[in-house]
>>> print(open('protein.cif').read())   # mmCIF, C-alpha atoms, pLDDT in the B column; chains and numbers go by the auth columns
data_entry
#
loop_
_atom_site.group_PDB
_atom_site.id
_atom_site.type_symbol
_atom_site.label_atom_id
_atom_site.label_comp_id
_atom_site.label_asym_id
_atom_site.label_seq_id
_atom_site.Cartn_x
_atom_site.Cartn_y
_atom_site.Cartn_z
_atom_site.B_iso_or_equiv
_atom_site.auth_seq_id
_atom_site.auth_asym_id
ATOM 1 C CA MET A 1 0.000 0.000 0.000 49.00 5 A
ATOM 2 C CA ILE A 2 2.976 2.284 0.485 55.00 6 A
ATOM 3 C CA CYS A 3 3.680 1.925 -3.241 56.00 7 A
ATOM 4 C CA ALA A 4 0.162 3.135 -4.017 57.00 8 A
ATOM 5 C CA LEU A 5 0.568 6.130 -1.713 56.00 9 A
ATOM 6 C CA VAL A 6 3.880 7.009 -3.379 58.00 10 A
ATOM 7 C CA LEU A 7 2.066 6.722 -6.701 60.00 11 A
ATOM 8 C CA ALA A 8 -0.562 9.182 -5.444 60.00 12 A
ATOM 9 C CA VAL A 9 2.131 11.697 -4.466 59.00 13 A
ATOM 10 C CA LEU A 10 3.761 11.362 -7.884 61.00 14 A
ATOM 11 C CA GLU A 11 0.344 11.817 -9.441 62.00 15 A
ATOM 12 C CA MET A 12 -0.150 15.077 -7.561 59.00 16 A
ATOM 13 C CA ILE A 13 3.223 16.362 -8.708 59.00 17 A
ATOM 14 C CA VAL A 14 2.454 15.471 -12.319 59.00 18 A
ATOM 15 C CA GLY A 15 -0.981 17.055 -11.959 58.00 19 A
ATOM 16 C CA ILE A 16 0.506 20.315 -10.758 54.00 20 A
ATOM 17 C CA ILE A 17 2.984 20.388 -13.643 56.00 21 A
ATOM 18 C CA LEU A 18 0.564 19.371 -16.399 54.00 22 A
ATOM 19 C CA ASN A 19 -2.882 20.872 -16.782 55.00 23 A
ATOM 20 C CA ASN A 20 -3.773 19.869 -20.334 58.00 24 A
ATOM 21 C CA SER A 21 -6.931 17.688 -20.513 61.00 25 A
ATOM 22 C CA ARG A 22 -5.398 15.335 -23.092 67.00 26 A
ATOM 23 C CA ILE A 23 -2.449 14.728 -20.806 71.00 27 A
ATOM 24 C CA ILE A 24 -4.859 14.204 -17.900 73.00 28 A
ATOM 25 C CA ARG A 25 -6.410 11.233 -19.741 76.00 29 A
ATOM 26 C CA LYS A 26 -2.993 9.674 -20.328 77.00 30 A
ATOM 27 C CA VAL A 27 -2.041 10.182 -16.685 76.00 31 A
ATOM 28 C CA ILE A 28 -5.331 8.606 -15.539 78.00 32 A
ATOM 29 C CA HIS A 29 -4.824 5.529 -17.714 79.00 33 A
ATOM 30 C CA ILE A 30 -1.161 5.072 -16.801 80.00 34 A
ATOM 31 C CA THR A 31 -1.795 5.573 -13.087 80.00 35 A
ATOM 32 C CA ASN A 32 -4.705 3.158 -13.025 80.00 36 A
ATOM 33 C CA PHE A 33 -2.785 0.564 -15.019 82.00 37 A
ATOM 34 C CA ILE A 34 0.064 0.703 -12.492 83.00 38 A
ATOM 35 C CA LEU A 35 -2.429 0.574 -9.618 83.00 39 A
ATOM 36 C CA LEU A 36 -4.184 -2.415 -11.218 83.00 40 A
ATOM 37 C CA VAL A 37 -0.886 -4.305 -11.448 84.00 41 A
ATOM 38 C CA ILE A 38 -0.203 -3.592 -7.758 84.00 42 A
ATOM 39 C CA LEU A 39 -3.737 -4.701 -6.828 83.00 43 A
ATOM 40 C CA LEU A 40 -3.447 -7.875 -8.911 83.00 44 A
ATOM 41 C CA VAL A 41 -0.258 -8.809 -7.062 85.00 45 A
ATOM 42 C CA LEU A 42 -1.866 -8.096 -3.674 82.00 46 A
ATOM 43 C CA GLY A 43 -4.998 -10.026 -4.674 81.00 47 A
ATOM 44 C CA PHE A 44 -2.891 -12.967 -5.837 81.00 48 A
ATOM 45 C CA PHE A 45 -1.039 -13.097 -2.529 82.00 49 A
ATOM 46 C CA SER A 46 -4.346 -12.829 -0.654 78.00 50 A
ATOM 47 C CA VAL A 47 -5.843 -15.794 -2.512 77.00 51 A
ATOM 48 C CA PHE A 48 -2.565 -17.707 -2.346 77.00 52 A
ATOM 49 C CA GLY A 49 -2.299 -17.087 1.406 74.00 53 A
ATOM 50 C CA GLN A 50 -5.803 -18.400 2.056 73.00 54 A
ATOM 51 C CA HIS A 51 -4.820 -21.863 0.900 73.00 55 A
ATOM 52 C CA PHE A 52 -2.240 -22.179 3.660 77.00 56 A
ATOM 53 C CA VAL A 53 -4.753 -21.432 6.413 72.00 57 A
ATOM 54 C CA PRO A 54 -7.358 -24.218 6.457 72.00 58 A
ATOM 55 C CA GLN A 55 -10.703 -23.459 8.066 71.00 59 A
ATOM 56 C CA GLN A 56 -14.027 -25.223 8.486 72.00 60 A
ATOM 57 C CA ASP A 57 -16.128 -22.525 6.835 69.00 61 A
ATOM 58 C CA PRO A 58 -16.086 -21.844 3.105 70.00 62 A
ATOM 59 C CA TYR A 59 -13.996 -18.962 1.840 73.00 63 A
ATOM 60 C CA LEU A 60 -16.976 -17.115 0.353 78.00 64 A
ATOM 61 C CA ALA A 61 -16.593 -13.918 2.415 79.00 65 A
ATOM 62 C CA GLU A 62 -12.833 -13.879 1.882 79.00 66 A
ATOM 63 C CA HIS A 63 -13.234 -14.179 -1.888 79.00 67 A
ATOM 64 C CA ILE A 64 -15.846 -11.416 -1.925 82.00 68 A
ATOM 65 C CA GLN A 65 -13.496 -9.192 0.076 83.00 69 A
ATOM 66 C CA ILE A 66 -10.785 -9.788 -2.520 82.00 70 A
ATOM 67 C CA MET A 67 -13.271 -8.989 -5.310 85.00 71 A
ATOM 68 C CA LEU A 68 -14.097 -5.731 -3.486 85.00 72 A
ATOM 69 C CA ILE A 69 -10.520 -4.653 -4.197 85.00 73 A
ATOM 70 C CA TYR A 70 -11.242 -4.691 -7.924 86.00 74 A
ATOM 71 C CA VAL A 71 -14.771 -3.293 -7.592 87.00 75 A
ATOM 72 C CA ILE A 72 -13.451 -0.294 -5.644 87.00 76 A
ATOM 73 C CA TRP A 73 -10.693 0.151 -8.220 86.00 77 A
ATOM 74 C CA GLY A 74 -13.149 -0.076 -11.143 86.00 78 A
ATOM 75 C CA ILE A 75 -15.567 2.476 -9.680 87.00 79 A
ATOM 76 C CA GLY A 76 -12.691 4.839 -8.929 86.00 80 A
ATOM 77 C CA TYR A 77 -11.301 4.433 -12.457 85.00 81 A
ATOM 78 C CA TYR A 78 -14.703 5.167 -13.999 86.00 82 A
ATOM 79 C CA LEU A 79 -15.176 8.282 -11.869 86.00 83 A
ATOM 80 C CA GLN A 80 -11.664 9.503 -12.651 84.00 84 A
ATOM 81 C CA ILE A 81 -12.239 9.255 -16.399 82.00 85 A
ATOM 82 C CA ARG A 82 -15.404 11.344 -16.057 82.00 86 A
ATOM 83 C CA GLN A 83 -13.432 14.264 -14.563 78.00 87 A
ATOM 84 C CA SER A 84 -12.086 17.124 -16.637 73.00 88 A
ATOM 85 C CA THR A 85 -9.754 18.799 -14.144 76.00 89 A
ATOM 86 C CA MET A 86 -6.674 17.423 -12.463 74.00 90 A
ATOM 87 C CA ARG A 87 -7.840 18.644 -9.048 79.00 91 A
ATOM 88 C CA ASN A 88 -11.030 16.541 -9.189 81.00 92 A
ATOM 89 C CA PHE A 89 -9.077 13.557 -10.469 79.00 93 A
ATOM 90 C CA ILE A 90 -6.578 13.792 -7.606 80.00 94 A
ATOM 91 C CA ILE A 91 -9.357 14.106 -5.023 84.00 95 A
ATOM 92 C CA ILE A 92 -11.141 11.020 -6.369 85.00 96 A
ATOM 93 C CA PHE A 93 -7.857 9.122 -6.643 83.00 97 A
ATOM 94 C CA VAL A 94 -6.889 9.840 -3.042 85.00 98 A
ATOM 95 C CA VAL A 95 -10.397 8.996 -1.738 88.00 99 A
ATOM 96 C CA PHE A 96 -10.346 5.627 -3.476 88.00 100 A
ATOM 97 C CA LEU A 97 -6.784 4.931 -2.293 85.00 101 A
ATOM 98 C CA VAL A 98 -7.951 5.554 1.264 87.00 102 A
ATOM 99 C CA MET A 99 -10.872 3.184 0.665 87.00 103 A
ATOM 100 C CA GLN A 100 -8.430 0.539 -0.607 85.00 104 A
ATOM 101 C CA ALA A 101 -6.183 1.059 2.419 84.00 105 A
ATOM 102 C CA LEU A 102 -9.148 0.648 4.761 86.00 106 A
ATOM 103 C CA ASN A 103 -10.174 -2.481 2.870 83.00 107 A
ATOM 104 C CA PHE A 104 -6.663 -3.949 3.288 81.00 108 A
ATOM 105 C CA PHE A 105 -5.861 -2.882 6.828 84.00 109 A
ATOM 106 C CA PHE A 106 -9.296 -3.678 8.237 86.00 110 A
ATOM 107 C CA ALA A 107 -9.943 -6.777 6.126 80.00 111 A
ATOM 108 C CA TYR A 108 -10.846 -8.773 9.230 81.00 112 A
ATOM 109 C CA TYR A 109 -13.830 -6.520 9.903 84.00 113 A
ATOM 110 C CA VAL A 110 -14.900 -6.527 6.266 82.00 114 A
ATOM 111 C CA ILE A 111 -14.750 -10.329 6.172 80.00 115 A
ATOM 112 C CA THR A 112 -16.598 -10.620 9.500 82.00 116 A
ATOM 113 C CA PHE A 113 -19.316 -8.291 8.206 82.00 117 A
ATOM 114 C CA LEU A 114 -19.659 -10.352 5.004 80.00 118 A
ATOM 115 C CA GLU A 115 -19.695 -13.641 6.911 80.00 119 A
ATOM 116 C CA PHE A 116 -22.579 -12.353 9.014 81.00 120 A
ATOM 117 C CA PHE A 117 -24.742 -12.080 5.892 75.00 121 A
ATOM 118 C CA LEU A 118 -23.372 -14.867 3.700 72.00 122 A
ATOM 119 C CA GLU A 119 -22.390 -17.782 5.897 65.00 123 A
#
>>> encode(input="protein.cif", output="structure tokens")
Amino acid sequence: MICALVLAVLEMIVGIILNNSRIIRKVIHITNFILLVILLVLGFFSVFGQHFVPQQDPYLAEHIQIMLIYVIWGIGYYLQIRQSTMRNFIIIFVVFLVMQALNFFFAYYVITFLEFFLE
């Protein structure tokens, strides 16, 4: 997650330097591609790590929590593309990074909440 926060800081610096809307689109796509690669690696390790911790219950809530990573990313990406100014893009990007950080750092509570409804 530190890599994603460093990416957000770099994004802010690039956003301050460049204010052209065509460049904004390129920055949005490049940033989200890099973020997707980071999230795919984290998701892979999350799924991979679940197979070394056997439990009696099914892994339904855990798999949904991992899918939430990509749902949050997809919604954030869609909202970023709809923006025309770098300031709005940076605000949305930081908000969705915070949501991802909360999803990672408080995954136990997210999984417990999902297990309450699903299992």
>>> resolve_selection(input="protein.cif", expression="the PyMOL selection byres ((chain A and resi 43) around 10)", output="PyMOL selection string")
chain A and resi 5+8+37-42+44-49+70+73-74+77+104
>>> atom_distance(input="protein.cif", atom1="CA of Gln87 (chain A)", atom2="CA of Ile68 (chain A)")
28.7 Å
>>> resolve_selection(input="protein.cif", expression="the PyMOL selection byres ((chain A and resi 82) around 12)", output="number ranges by chain")
A: 29, 32-33, 36, 75-81, 83-87, 93, 96-97, 100
>>> closest_residue(input="protein.cif", among="A:Phe120, A:Val98, A:Met90, A:Ser50", to="Gln69 (chain A)", atoms="all atoms listed in the file")
A:Ser50
>>> atom_distance(input="protein.cif", atom1="CA of Val57 (chain A)", atom2="CA of Leu72 (chain A)")
20.8 Å
>>> closest_residue(input="protein.cif", among="A:Ala105, A:Ile27, A:Leu122, A:Ala111", to="Pro62 (chain A)", atoms="all atoms listed in the file")
A:Leu122
>>> atom_distance(input="protein.cif", atom1="CA of Phe117 (chain A)", atom2="CA of Val102 (chain A)")
19.2 Å
>>> residues_around(input="protein.cif", residues="Leu118 (chain A)", least_positions_apart="2", cutoff="10 Å", atoms="all atoms listed in the file", output="ChimeraX atom specification")
/A:64-66,68-69,112-116,120-123
